[in-house]
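Visitor: This is the content of input-v1.txt (compact mmCIF, C-alpha atoms):
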```txt
# COMPACT_ATOMS: atom_id res chain seq x y z
CA MET A 1 0.00 0.00 0.00
CA ILE A 2 1.72 3.18 -1.15
CA MET A 3 0.68 6.48 0.41
CA VAL A 4 1.24 9.97 -0.85
CA ILE A 5 2.15 13.29 0.65
CA HIS A 6 -0.82 14.66 2.60
CA PHE A 7 -1.06 18.44 2.62
CA GLU A 8 -4.39 18.36 4.45
CA ARG A 9 -3.33 16.08 7.34
CA SER A 10 -2.92 17.72 10.76
CA LEU A 11 -0.95 16.68 13.81
CA GLN A 12 -4.22 16.13 15.68
CA ASP A 13 -5.51 13.82 12.88
CA ALA A 14 -2.31 11.78 13.00
CA LEU A 15 -2.36 11.51 16.79
CA GLU A 16 -5.93 10.24 16.63
CA LYS A 17 -4.86 7.72 13.98
CA ILE A 18 -2.06 6.22 16.11
CA GLY A 19 -4.23 6.19 19.22
CA LYS A 20 -3.15 6.42 22.83
CA HIS A 21 0.56 7.21 22.76
CA GLU A 22 3.73 8.08 24.59
CA TYR A 23 6.05 10.88 23.45
CA HIS A 24 9.84 11.21 23.16
CA GLU A 25 11.76 14.36 22.20
CA PHE A 26 15.40 14.67 21.14
CA LYS A 27 16.75 18.23 20.94
CA ILE A 28 19.56 18.75 18.45
CA HIS A 29 20.14 22.48 17.90
CA SER A 30 18.03 24.92 19.98
CA PHE A 31 19.87 28.09 19.02
CA GLU A 32 18.55 30.51 16.44
CA GLU A 33 21.90 30.81 14.72
CA GLU A 34 23.60 28.82 12.01
CA ALA A 35 25.01 25.59 13.38
CA LYS A 36 28.62 24.72 12.95
CA HIS A 37 28.75 21.12 11.78
CA GLU A 38 31.14 20.18 14.52
CA HIS A 39 31.54 16.76 16.05
CA ASP A 40 29.14 17.49 18.94
CA LEU A 41 26.24 18.50 16.69
CA ILE A 42 26.69 15.57 14.30
CA GLU A 43 27.06 13.17 17.23
CA THR A 44 23.92 14.51 18.94
CA TYR A 45 21.98 14.25 15.69
CA GLY A 46 23.23 10.71 14.99
CA ASN A 47 22.50 9.58 18.55
CA ALA A 48 18.95 10.93 18.30
CA LYS A 49 18.31 9.01 15.07
CA TRP A 50 19.71 5.80 16.57
CA ALA A 51 17.65 6.29 19.76
CA ILE A 52 14.48 6.50 17.64
CA VAL A 53 15.50 3.35 15.75
CA ASP A 54 16.22 1.48 19.01
CA ILE A 55 12.92 2.55 20.58
CA LEU A 56 10.90 1.55 17.48
CA ASN A 57 12.69 -1.78 17.15
CA GLY A 58 12.12 -2.54 20.84
CA ARG A 59 8.49 -1.44 20.95
CA TYR A 60 7.22 -2.87 17.65
CA GLY A 61 9.73 -5.65 16.94
CA LEU A 62 10.95 -3.88 13.79
CA ASN A 63 14.28 -4.32 12.01
CA VAL A 64 14.92 -0.65 11.28
CA ASP A 65 18.58 0.11 10.61
CA LEU A 66 19.93 3.48 9.42
CA GLN A 67 22.43 1.55 7.30
CA ASN A 68 19.53 0.38 5.11
CA TRP A 69 19.35 3.87 3.60
CA LEU A 70 23.01 3.69 2.57
CA ASP A 71 22.54 0.16 1.22
CA HIS A 72 19.38 1.16 -0.71
CA LYS A 73 17.28 -1.40 1.19
CA GLU A 74 13.60 -0.81 1.89
CA ASP A 75 13.23 0.89 5.27
CA ASP A 76 10.84 3.85 5.50
CA VAL A 77 12.10 4.98 8.90
CA ALA A 78 15.75 4.98 7.84
CA TYR A 79 14.91 6.87 4.65
CA PHE A 80 12.75 9.42 6.46
CA LEU A 81 15.32 10.12 9.18
CA ASN A 82 18.18 10.39 6.70
CA GLU A 83 16.48 12.26 3.85
CA ALA A 84 14.48 14.76 5.91
CA GLY A 85 17.35 15.14 8.38
CA SER A 86 19.86 15.77 5.62
CA ASN A 87 17.66 18.48 4.12
CA SER A 88 17.48 20.16 7.52
CA LEU A 89 21.27 19.95 7.95
CA HIS A 90 21.97 21.44 4.55
CA HIS A 91 19.03 23.62 3.52
CA SER A 92 17.38 25.03 6.65
CA GLU A 93 18.16 28.56 7.79
CA PHE A 94 20.21 27.39 10.78
CA LYS A 95 21.67 24.29 9.05
CA ALA A 96 20.47 21.81 11.67
CA PRO A 97 17.32 20.16 12.93
CA TYR A 98 15.94 21.78 16.07
CA ARG A 99 14.56 18.46 17.34
CA LEU A 100 13.35 15.00 16.44
CA CYS A 101 10.11 13.77 18.05
CA LEU A 102 8.64 10.30 18.33
CA TRP A 103 5.11 9.27 19.25
CA LEU A 104 4.53 5.57 20.01
CA GLY A 105 0.86 4.72 19.69
CA GLU A 106 -1.28 1.66 20.15
CA ASN A 107 -2.13 1.72 16.41
CA GLY A 108 1.19 2.96 15.00
CA PHE A 109 3.87 5.59 15.42
CA MET A 110 4.87 9.03 14.19
CA ILE A 111 8.24 10.74 13.79
CA SER A 112 8.87 14.42 13.15
CA ILE A 113 11.88 16.49 12.23
CA GLU A 114 11.59 20.15 13.13
CA GLN A 115 13.73 23.11 12.18
CA LYS A 116 13.78 26.65 13.53
CA GLY A 117 13.98 29.76 11.41
CA LYS A 118 12.58 30.28 7.96
CA GLY A 119 10.40 27.50 6.61
CA PHE A 120 10.08 26.29 3.03
CA ASP A 121 7.16 25.92 0.62
CA ALA A 122 6.59 22.14 0.60
CA SER A 123 3.67 22.32 -1.83
CA PHE A 124 5.80 24.26 -4.34
CA VAL A 125 8.74 21.84 -3.99
CA ASP A 126 6.34 18.92 -4.51
CA SER A 127 4.32 20.32 -7.41
CA HIS A 128 7.39 21.57 -9.30
CA ARG A 129 9.45 18.45 -8.56
CA ILE A 130 12.29 20.65 -7.30
CA LYS A 131 15.48 18.84 -6.44
CA GLU A 132 18.10 21.30 -5.24
CA ASN A 133 20.49 18.71 -3.89
CA GLU A 134 21.50 15.12 -4.45
CA GLY A 135 18.96 13.86 -1.94
CA ALA A 136 15.62 12.37 -2.79
CA ALA A 137 13.40 13.31 0.14
CA PHE A 138 10.30 14.24 -1.85
CA GLU A 139 10.70 11.22 -4.10
CA PHE A 140 10.75 9.09 -0.95
CA TYR A 141 7.74 10.98 0.47
CA ARG A 142 5.78 10.21 -2.72
CA LYS A 143 6.41 6.45 -2.57
CA CYS A 144 6.78 5.53 1.10
CA LYS A 145 4.35 3.14 2.74
CA GLY A 146 3.46 5.54 5.52
CA GLU A 147 2.16 9.07 5.29
CA VAL A 148 4.18 12.27 5.15
CA PHE A 149 2.64 15.61 6.06
CA PHE A 150 3.76 19.08 7.08
CA ASP A 151 2.92 21.59 9.80
CA ASP A 152 2.29 24.28 7.15
CA GLU A 153 2.51 23.50 3.44
CA LYS A 154 3.66 27.04 2.53
CA GLU A 155 6.01 27.72 5.44
CA THR A 156 7.10 24.23 6.52
CA ARG A 157 9.21 23.84 9.61
CA VAL A 158 8.07 20.37 10.67
CA ILE A 159 7.89 17.23 8.54
CA TYR A 160 5.99 14.25 9.92
CA TYR A 161 6.07 10.58 9.01
CA VAL A 162 3.26 8.39 10.37
CA SER A 163 2.89 4.63 10.04
CA ASP A 164 0.15 2.41 11.34
CA ILE A 165 0.34 -1.19 12.52
CA SER A 166 -1.32 -2.53 9.35
CA VAL A 167 1.53 -1.08 7.25
CA LEU A 168 4.05 -2.75 9.56
CA CYS A 169 2.23 -6.07 9.16
CA GLU A 170 2.20 -5.68 5.34
CA GLN A 171 5.97 -5.33 5.44
CA GLY A 172 6.16 -8.65 7.28
CA THR A 173 7.28 -7.00 10.48
CA PRO A 174 6.01 -8.44 13.77
CA GLN A 175 4.01 -6.27 16.14
```
Would you write out, as structure tokens, the structure that this file holds?

Guide:
Amino acid sequence: MIMVIHFERSLQDALEKIGKHEYHEFKIHSFEEEAKHEHDLIETYGNAKWAIVDILNGRYGLNVDLQNWLDHKEDDVAYFLNEAGSNSLHHSEFKAPYRLCLWLGENGFMISIEQKGKGFDASFVDSHRIKENEGAAFEFYRKCKGEVFFDDEKETRVIYYVSDISVLCEQGTPQ
């Protein structure tokens, strides 16, 4: 089951979809100034991505591995964290994600990557098939098995990925 980008989805809709949930937040770069891509920032960002992977694998019995993105293996979570995260590191105003968030629900889960500063026009990037870098975030968003939506389609600062249990089961992943 392939989903598409949802410009009309809201955070409240997605939270209702995943059901009763617990929340985790991983701050990366809280300052409203351009990040220096020093070891500490990259390490904090990498640790946050791996923490999300570990939590999802433990909670839902998944086999998510960030290496799958590098090896071009199917893994929506790895692709989302790496593609959306890379765009935030390279194209956001402050050159770093502000935070990664994870909601673990009884019917699925949701991940978000948030940036501070100026947002971007997600609907324009999508409709004009803009590809300013070597990444493929919007191509992934168009073909992933979950749903991708934005806090504001014209001034996007938060990108969300939501997956329900039925999608996990279709991928042959235990609950």

Visitor: May I ask for the distance between CA of Glu147 in chain A and CA of Asp164 in chain A, given in Å to one decimal place?

Guide: 9.2 Å

Visitor: Using all atoms listed in the file, tabulate the residues of range 13-76 of chain A lying at most 9 Å from any atom of range 91-109 of chain A, each with its closest atom pair and that distance in Å to one decimal, by chain and increasing residue number, as JSON lines.

Guide:
```
{"residue": "A:Leu15", "atom": "CA", "partner": "A:Gly105", "partner_atom": "CA", "distance": 8.1}
{"residue": "A:Lys17", "atom": "CA", "partner": "A:Asn107", "partner_atom": "CA", "distance": 7.0}
{"residue": "A:Ile18", "atom": "CA", "partner": "A:Asn107", "partner_atom": "CA", "distance": 4.5}
{"residue": "A:Gly19", "atom": "CA", "partner": "A:Gly105", "partner_atom": "CA", "distance": 5.3}
{"residue": "A:Lys20", "atom": "CA", "partner": "A:Gly105", "partner_atom": "CA", "distance": 5.4}
{"residue": "A:His21", "atom": "CA", "partner": "A:Gly105", "partner_atom": "CA", "distance": 4.0}
{"residue": "A:Glu22", "atom": "CA", "partner": "A:Leu104", "partner_atom": "CA", "distance": 5.3}
{"residue": "A:Tyr23", "atom": "CA", "partner": "A:Trp103", "partner_atom": "CA", "distance": 4.6}
{"residue": "A:His24", "atom": "CA", "partner": "A:Leu102", "partner_atom": "CA", "distance": 5.1}
{"residue": "A:Glu25", "atom": "CA", "partner": "A:Cys101", "partner_atom": "CA", "distance": 4.5}
{"residue": "A:Phe26", "atom": "CA", "partner": "A:Leu100", "partner_atom": "CA", "distance": 5.1}
{"residue": "A:Lys27", "atom": "CA", "partner": "A:Arg99", "partner_atom": "CA", "distance": 4.2}
{"residue": "A:Ile28", "atom": "CA", "partner": "A:Arg99", "partner_atom": "CA", "distance": 5.1}
{"residue": "A:His29", "atom": "CA", "partner": "A:Tyr98", "partner_atom": "CA", "distance": 4.6}
{"residue": "A:Ser30", "atom": "CA", "partner": "A:Tyr98", "partner_atom": "CA", "distance": 5.4}
{"residue": "A:Phe31", "atom": "CA", "partner": "A:Tyr98", "partner_atom": "CA", "distance": 8.0}
{"residue": "A:Glu32", "atom": "CA", "partner": "A:Phe94", "partner_atom": "CA", "distance": 6.7}
{"residue": "A:Glu33", "atom": "CA", "partner": "A:Phe94", "partner_atom": "CA", "distance": 5.5}
{"residue": "A:Glu34", "atom": "CA", "partner": "A:Phe94", "partner_atom": "CA", "distance": 3.9}
{"residue": "A:Ala35", "atom": "CA", "partner": "A:Lys95", "partner_atom": "CA", "distance": 5.6}
{"residue": "A:Lys36", "atom": "CA", "partner": "A:Lys95", "partner_atom": "CA", "distance": 8.0}
{"residue": "A:His37", "atom": "CA", "partner": "A:Lys95", "partner_atom": "CA", "distance": 8.2}
{"residue": "A:Leu41", "atom": "CA", "partner": "A:Ala96", "partner_atom": "CA", "distance": 8.3}
{"residue": "A:Tyr45", "atom": "CA", "partner": "A:Pro97", "partner_atom": "CA", "distance": 8.0}
{"residue": "A:Ala48", "atom": "CA", "partner": "A:Leu100", "partner_atom": "CA", "distance": 7.2}
{"residue": "A:Lys49", "atom": "CA", "partner": "A:Leu100", "partner_atom": "CA", "distance": 7.9}
{"residue": "A:Ile52", "atom": "CA", "partner": "A:Leu102", "partner_atom": "CA", "distance": 7.0}
{"residue": "A:Ile55", "atom": "CA", "partner": "A:Leu104", "partner_atom": "CA", "distance": 8.9}
{"residue": "A:Leu56", "atom": "CA", "partner": "A:Leu104", "partner_atom": "CA", "distance": 7.9}
{"residue": "A:Arg59", "atom": "CA", "partner": "A:Leu104", "partner_atom": "CA", "distance": 8.1}
{"residue": "A:Tyr60", "atom": "CA", "partner": "A:Gly108", "partner_atom": "CA", "distance": 8.8}
```

Visitor: Using all atoms listed in the file for the distances, tell me which of A:Leu66, A:Asp75, A:Arg9, A:Ile165 is nearest to Asn47 in chain A.

Guide: A:Leu66

Visitor: Hey, can you check how far CA of Glu139 in chain A sits from CA of Leu70 in chain A?

Guide: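 Atom-to-atom, CA of Glu139 in chain A and CA of Leu70 in chain A are spaced 15.9 Å apart.
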
Visitor: Here is a test: counting only C-alpha atoms, which residue of A:Gly117, A:His72, A:Ser86, A:Tyr141 is nearest to Gly46 in chain A?

Guide: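 Of the candidates, the smallest distance to Gly46 in chain A is held by A:Ser86.
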
Visitor: Ranking A:Val158, A:Ile111, A:Val64, A:Ala14 by minimum distance to Ser88 in chain A and counting all atoms listed in the file, which one comes first?

Guide: A:Val158

Visitor: At what distance in Å, to one decimal, does CA of Gln67 in chain A lie from CA of Leu89 in chain A?

Guide: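 These two atoms are separated by 18.4 Å.
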
Visitor: Looking at A:Phe149, A:Phe120, A:Phe80, A:Tyr161, which one is nearest to Asn68 in chain A, with distances taken over only C-alpha atoms?

Guide: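 Answer, going by the shortest atom-to-atom distance: A:Phe80.
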
Visitor: From the options A:Glu8, A:Asp65, A:Glu16, A:Glu153, which residue's atoms come nearest to Met110 in chain A, counting all atoms listed in the file?

Guide: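 Closest residue, counting all atoms listed in the file: A:Glu16.
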
Visitor: Between A:Gly58, A:Thr44, A:Asn87, A:Gly119, which is the closest to Arg157 in chain A once you count all atoms listed in the file?

Guide: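 Once distances to Arg157 in chain A are computed over all atoms listed in the file, the minimum belongs to A:Gly119.
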